[in-house]
Amino acid sequence: MIIKVELAKCCRMLNPGPTILVSSRKDENSNVMAAAWNTTIDFSPPKVAVVIAEGTYTRELVDQTGEFVVNIPTRQLAQATLDVGHISGRDVNKFERYKLETFPGEKVAAPLVKGCMGWLECRVIPEPHIQKTYDLFIAEVVAAWADDRCFEDGRWKLPPRELQSLHYIAGGNYLVGSEMVSFELPE
Ligand SMILES: Cc1cc2nc3c(=O)[nH]c(=O)nc-3n(C[C@H](O)[C@H](O)[C@H](O)COP(=O)(O)O)c2cc1C
C-alpha cells in the first residue's frame with residue numbers, strides 16, 4: 001500500500017543514498033531519467049538537491065515547469081533505471097519503450113513511477129547561478145509517499161528483496177541488498 005509520508009520525516013528518504021529516477025512533465029510530454037547524484041539538504045521545509053545535466057530532455061522540462069518527482073526505484077526496476085539513463089526522452093517515449101507504469105501525484109504534474117519504494121514531489125527553488133554552473137537543482141519537497149512494505153513510523157525498514165533500493169557503482173553494476181544494524185542513540 002502507498003502511504004503519505006509526513007513532510008517532517010521525508011528528508012530521511014534519501015539518507016541511504018539511493019540512485020533515483022527523476023520524472024518530469026510539461027503538458028502532454030512526460031519524461032524520466034536516472035540520477036545517482038542526489039541528496040537531502042534540509043528538513044524544514046524539506047529540500048533536496050539533484051544534478052540534472054544540461055542538454056538532457058529532463059533539464060528542458062524542469063527548466064520550463066520548475067517541478068519534478070524523485071522516484072526511488074527498487075531491484076525490480078534495476079534494468080529500466082539503466083535503460084532510461086542511457087537514452088533521451090527527446091528520441092523516444094521511455095515510459096512506453098520500457099513499460100514503465102505511472103500514477104499521478106498530488107502537488108506536481110510530473111508522474112510517479114510504479115514499482116518504486118518512495119516518491120518525493122518537488123518544486124524547484126530557483127538558483128540560476130548554481131543551476132547553470134553546476135547543473136545542481138535545489139527543490140522543496142511538497143508531498144511525499146512510500147510503499148508501506150519499506151517505510152514505517154517515519155523511517156525505512158528492511159524491505160522485501162524485490163523492493164531493495166539501488167546504489168549505482170558504474171558499468172551497469174549496483175550495490176543492492178542490505179543488512180540493518182542498530183545501535184543505541186547517544187543521550
Ligand atoms: C545509473 C545512472 C545514474 C545517472 N545519474 C545522473 C545524474 O545524477 N545526473 C544527470 O544529469 N545524469 C545522470 N545520468 C544520465 C542521465 O540519466 C541520462 O543522460 C539520460 O539519458 C537523460 O535523459 P533525458 O534526455 O531523457 O532527460 C545517470 C545515468 C545512469 C545510468
# chains A, B, ... in the order shown; residues from 1 in each chain; ligands from 1

call {"tool": "closest_atom_pairs", "arguments": {"of": "range 7-65 of chain A", "to": "range 82-87 of chain A", "cutoff": "12 Å", "atoms": "only C-alpha atoms", "output": "tab-separated table"}}
result
residue	atom	partner	partner_atom	distance
A:Thr19	CA	A:Leu82	CA	10.3
A:Ile20	CA	A:Gly85	CA	10.3
A:Leu21	CA	A:Val84	CA	8.5
A:Val22	CA	A:Val84	CA	10.0
A:Ser23	CA	A:Val84	CA	10.5
A:Asn31	CA	A:Val84	CA	9.2
A:Val32	CA	A:Val84	CA	6.6
A:Met33	CA	A:Val84	CA	5.2
A:Ala34	CA	A:Gly85	CA	4.7
A:Ala35	CA	A:Gly85	CA	7.6
A:Ala36	CA	A:Gly85	CA	9.9
A:Ile52	CA	A:Gly85	CA	11.6
A:Ala53	CA	A:Gly85	CA	11.7
A:Thr56	CA	A:Ile87	CA	9.5
A:Tyr57	CA	A:Ile87	CA	9.9
A:Thr58	CA	A:Gly85	CA	10.9

call {"tool": "select_by_dssp", "arguments": {"residues": "range 1-183 of chain A", "states": "strand (DSSP E or B)", "output": "ChimeraX atom specification"}}
result
/A:2-4,20-26,29-35,38-43,46-51,67-72,74,102-103,112-113,118-124,136-147,151-152,155-156,165-170,173-176

call {"tool": "write_last_selection", "arguments": {"atoms": "C-alpha atoms", "output": "PDB file, in the first residue's frame"}}
result
ATOM      1  CA  ILE A   2       1.217   3.503  -0.747  1.00  0.00           C
ATOM      2  CA  ILE A   3       1.183   5.767   2.280  1.00  0.00           C
ATOM      3  CA  LYS A   4       1.595   9.509   2.618  1.00  0.00           C
ATOM      4  CA  ILE A  20      16.808   7.773  -8.211  1.00  0.00           C
ATOM      5  CA  LEU A  21      14.578   8.308 -11.200  1.00  0.00           C
ATOM      6  CA  VAL A  22      13.726  11.930 -11.951  1.00  0.00           C
ATOM      7  CA  SER A  23      10.383  12.254 -13.698  1.00  0.00           C
ATOM      8  CA  SER A  24       9.111  15.440 -15.285  1.00  0.00           C
ATOM      9  CA  ARG A  25       6.168  16.653 -17.315  1.00  0.00           C
ATOM     10  CA  LYS A  26       5.213  19.631 -19.465  1.00  0.00           C
ATOM     11  CA  ASN A  29       5.145  15.419 -22.582  1.00  0.00           C
ATOM     12  CA  SER A  30       6.423  13.287 -19.711  1.00  0.00           C
ATOM     13  CA  ASN A  31       9.928  12.001 -19.227  1.00  0.00           C
ATOM     14  CA  VAL A  32      12.132  10.058 -16.846  1.00  0.00           C
ATOM     15  CA  MET A  33      15.903   9.763 -16.329  1.00  0.00           C
ATOM     16  CA  ALA A  34      18.259   8.134 -13.815  1.00  0.00           C
ATOM     17  CA  ALA A  35      20.217  10.254 -11.316  1.00  0.00           C
ATOM     18  CA  ASN A  38      21.255  13.454  -5.295  1.00  0.00           C
ATOM     19  CA  THR A  39      20.900  14.244  -1.611  1.00  0.00           C
ATOM     20  CA  THR A  40      18.669  15.756   1.066  1.00  0.00           C
ATOM     21  CA  ILE A  41      19.882  19.181   2.176  1.00  0.00           C
ATOM     22  CA  ASP A  42      17.330  20.318   4.780  1.00  0.00           C
ATOM     23  CA  PHE A  43      14.375  19.057   6.785  1.00  0.00           C
ATOM     24  CA  PRO A  46      12.336  19.611   3.376  1.00  0.00           C
ATOM     25  CA  LYS A  47      14.708  20.217   0.491  1.00  0.00           C
ATOM     26  CA  VAL A  48      16.705  18.037  -1.864  1.00  0.00           C
ATOM     27  CA  ALA A  49      19.458  18.664  -4.404  1.00  0.00           C
ATOM     28  CA  VAL A  50      19.790  16.776  -7.691  1.00  0.00           C
ATOM     29  CA  VAL A  51      22.229  17.140 -10.578  1.00  0.00           C
ATOM     30  CA  GLU A  67       8.844  20.770 -10.978  1.00  0.00           C
ATOM     31  CA  PHE A  68       9.964  17.142 -10.876  1.00  0.00           C
ATOM     32  CA  VAL A  69       9.450  13.954  -8.905  1.00  0.00           C
ATOM     33  CA  VAL A  70      12.210  11.982  -7.185  1.00  0.00           C
ATOM     34  CA  ASN A  71      11.248   8.311  -7.543  1.00  0.00           C
ATOM     35  CA  ILE A  72      13.279   5.786  -5.520  1.00  0.00           C
ATOM     36  CA  THR A  74      13.862  -0.887  -6.466  1.00  0.00           C
ATOM     37  CA  THR A 102       2.861   5.684 -13.595  1.00  0.00           C
ATOM     38  CA  PHE A 103       0.277   7.252 -11.325  1.00  0.00           C
ATOM     39  CA  LEU A 112       5.125   8.917 -10.186  1.00  0.00           C
ATOM     40  CA  VAL A 113       6.721   5.674 -11.414  1.00  0.00           C
ATOM     41  CA  GLY A 118       9.234   6.076  -2.322  1.00  0.00           C
ATOM     42  CA  TRP A 119       8.372   9.284  -4.123  1.00  0.00           C
ATOM     43  CA  LEU A 120       9.124  12.958  -3.432  1.00  0.00           C
ATOM     44  CA  GLU A 121       7.141  15.595  -5.312  1.00  0.00           C
ATOM     45  CA  CYS A 122       9.475  18.559  -5.746  1.00  0.00           C
ATOM     46  CA  ARG A 123       9.262  22.258  -6.669  1.00  0.00           C
ATOM     47  CA  VAL A 124      12.488  23.913  -7.765  1.00  0.00           C
ATOM     48  CA  LEU A 136      22.540  21.439  -9.497  1.00  0.00           C
ATOM     49  CA  PHE A 137      18.832  21.855  -8.750  1.00  0.00           C
ATOM     50  CA  ILE A 138      17.628  22.597  -5.244  1.00  0.00           C
ATOM     51  CA  ALA A 139      13.966  21.849  -4.675  1.00  0.00           C
ATOM     52  CA  GLU A 140      11.447  21.860  -1.882  1.00  0.00           C
ATOM     53  CA  VAL A 141       9.585  18.611  -1.275  1.00  0.00           C
ATOM     54  CA  VAL A 142       5.870  19.444  -1.334  1.00  0.00           C
ATOM     55  CA  ALA A 143       4.460  15.916  -0.991  1.00  0.00           C
ATOM     56  CA  ALA A 144       5.985  12.547  -0.179  1.00  0.00           C
ATOM     57  CA  TRP A 145       4.834   8.930  -0.483  1.00  0.00           C
ATOM     58  CA  ALA A 146       6.221   5.496   0.333  1.00  0.00           C
ATOM     59  CA  ASP A 147       5.426   1.814  -0.035  1.00  0.00           C
ATOM     60  CA  PHE A 151       8.681   2.635   5.235  1.00  0.00           C
ATOM     61  CA  GLU A 152       7.040   2.660   8.660  1.00  0.00           C
ATOM     62  CA  ARG A 155      11.704   5.653   8.614  1.00  0.00           C
ATOM     63  CA  TRP A 156      12.852   2.953   6.229  1.00  0.00           C
ATOM     64  CA  SER A 165      16.985   0.208  -3.242  1.00  0.00           C
ATOM     65  CA  LEU A 166      19.635   0.583  -5.939  1.00  0.00           C
ATOM     66  CA  HIS A 167      23.046   2.158  -5.346  1.00  0.00           C
ATOM     67  CA  TYR A 168      24.860   2.693  -8.593  1.00  0.00           C
ATOM     68  CA  ILE A 169      28.558   1.928  -8.881  1.00  0.00           C
ATOM     69  CA  ALA A 170      29.481   2.093 -12.614  1.00  0.00           C
ATOM     70  CA  ASN A 173      26.684  -2.513 -11.537  1.00  0.00           C
ATOM     71  CA  TYR A 174      24.729  -1.577  -8.440  1.00  0.00           C
ATOM     72  CA  LEU A 175      25.114  -2.324  -4.774  1.00  0.00           C
ATOM     73  CA  VAL A 176      21.788  -3.848  -3.731  1.00  0.00           C
TER      74      VAL A 176
END

call {"tool": "atom_distance", "arguments": {"atom1": "CA of Val108 in chain A", "atom2": "CA of Glu6 in chain A"}}
result
16.9 Å

call {"tool": "atom_distance", "arguments": {"atom1": "CA of Glu101 in chain A", "atom2": "CA of Ser178 in chain A"}}
result
26.5 Å

call {"tool": "residues_around", "arguments": {"residues": "Lys157 in chain A", "least_positions_apart": "2", "cutoff": "12 Å", "atoms": "only C-alpha atoms", "output": "short mmCIF file (atom, residue, chain, number, x, y, z; two decimals) with C-alpha atoms, in the first residue's frame"}}
result
data_model
loop_
_atom_site.label_atom_id
_atom_site.label_comp_id
_atom_site.auth_asym_id
_atom_site.auth_seq_id
_atom_site.Cartn_x
_atom_site.Cartn_y
_atom_site.Cartn_z
CA ARG A 12 15.18 10.75 5.67
CA MET A 13 14.14 9.04 2.46
CA PRO A 16 20.72 5.72 2.36
CA MET A 117 9.70 2.34 -2.80
CA ALA A 146 6.22 5.50 0.33
CA ASP A 147 5.43 1.81 -0.04
CA ASP A 148 4.46 0.66 3.45
CA ARG A 149 6.43 -2.56 2.96
CA CYS A 150 9.55 -0.37 3.05
CA PHE A 151 8.68 2.64 5.24
CA GLU A 152 7.04 2.66 8.66
CA ASP A 153 6.82 5.13 11.56
CA GLY A 154 8.74 7.80 9.66
CA ARG A 155 11.70 5.65 8.61
CA PRO A 159 12.26 -4.16 2.64
CA PRO A 160 11.44 -7.44 0.89
CA LEU A 163 11.90 -3.74 -3.11
CA GLN A 164 15.52 -3.12 -2.12
CA SER A 165 16.99 0.21 -3.24
CA SER A 178 21.36 -4.65 2.92
CA GLU A 179 21.54 -5.62 6.49
CA MET A 180 20.04 -3.36 9.16
CA VAL A 181 22.41 -2.85 12.09
CA SER A 182 21.03 -0.93 15.06
#

call {"tool": "closest_residue", "arguments": {"among": "A:Pro73, A:Gly177, A:Gly55, A:Gly89", "to": "ligand 1", "atoms": "only C-alpha atoms and all ligand atoms"}}
result
A:Gly89

call {"tool": "closest_residue", "arguments": {"among": "A:Gly115, A:Asn15, A:Glu54, A:Leu100", "to": "ligand 1", "atoms": "only C-alpha atoms and all ligand atoms"}}
result
A:Glu54

call {"tool": "atom_distance", "arguments": {"atom1": "CA of Glu162 in chain A", "atom2": "CA of Glu184 in chain A"}}
result
29.1 Å

call {"tool": "closest_residue", "arguments": {"among": "A:Thr65, A:Ser88, A:Ser44, A:Gln76", "to": "ligand 1", "atoms": "only C-alpha atoms and all ligand atoms"}}
result
A:Ser88

call {"tool": "closest_residue", "arguments": {"among": "A:Leu14, A:Phe183, A:Asp135, A:Glu106", "to": "ligand 1", "atoms": "only C-alpha atoms and all ligand atoms"}}
result
A:Asp135

call {"tool": "select_by_dssp", "arguments": {"residues": "range 22-186 of chain A", "states": "helix (DSSP H, G or I)", "output": "JSON, numbers by chain"}}
result
{"A": [57, 58, 59, 60, 61, 62, 63, 64, 65, 75, 76, 77, 78, 79, 80, 81, 82, 83, 84, 94, 95, 96, 97, 128, 129, 130, 131, 132, 133, 134, 161, 162, 163]}

call {"tool": "closest_residue", "arguments": {"among": "A:Gly17, A:Pro111, A:Pro45, A:Gly172", "to": "ligand 1", "atoms": "only C-alpha atoms and all ligand atoms"}}
result
A:Gly172
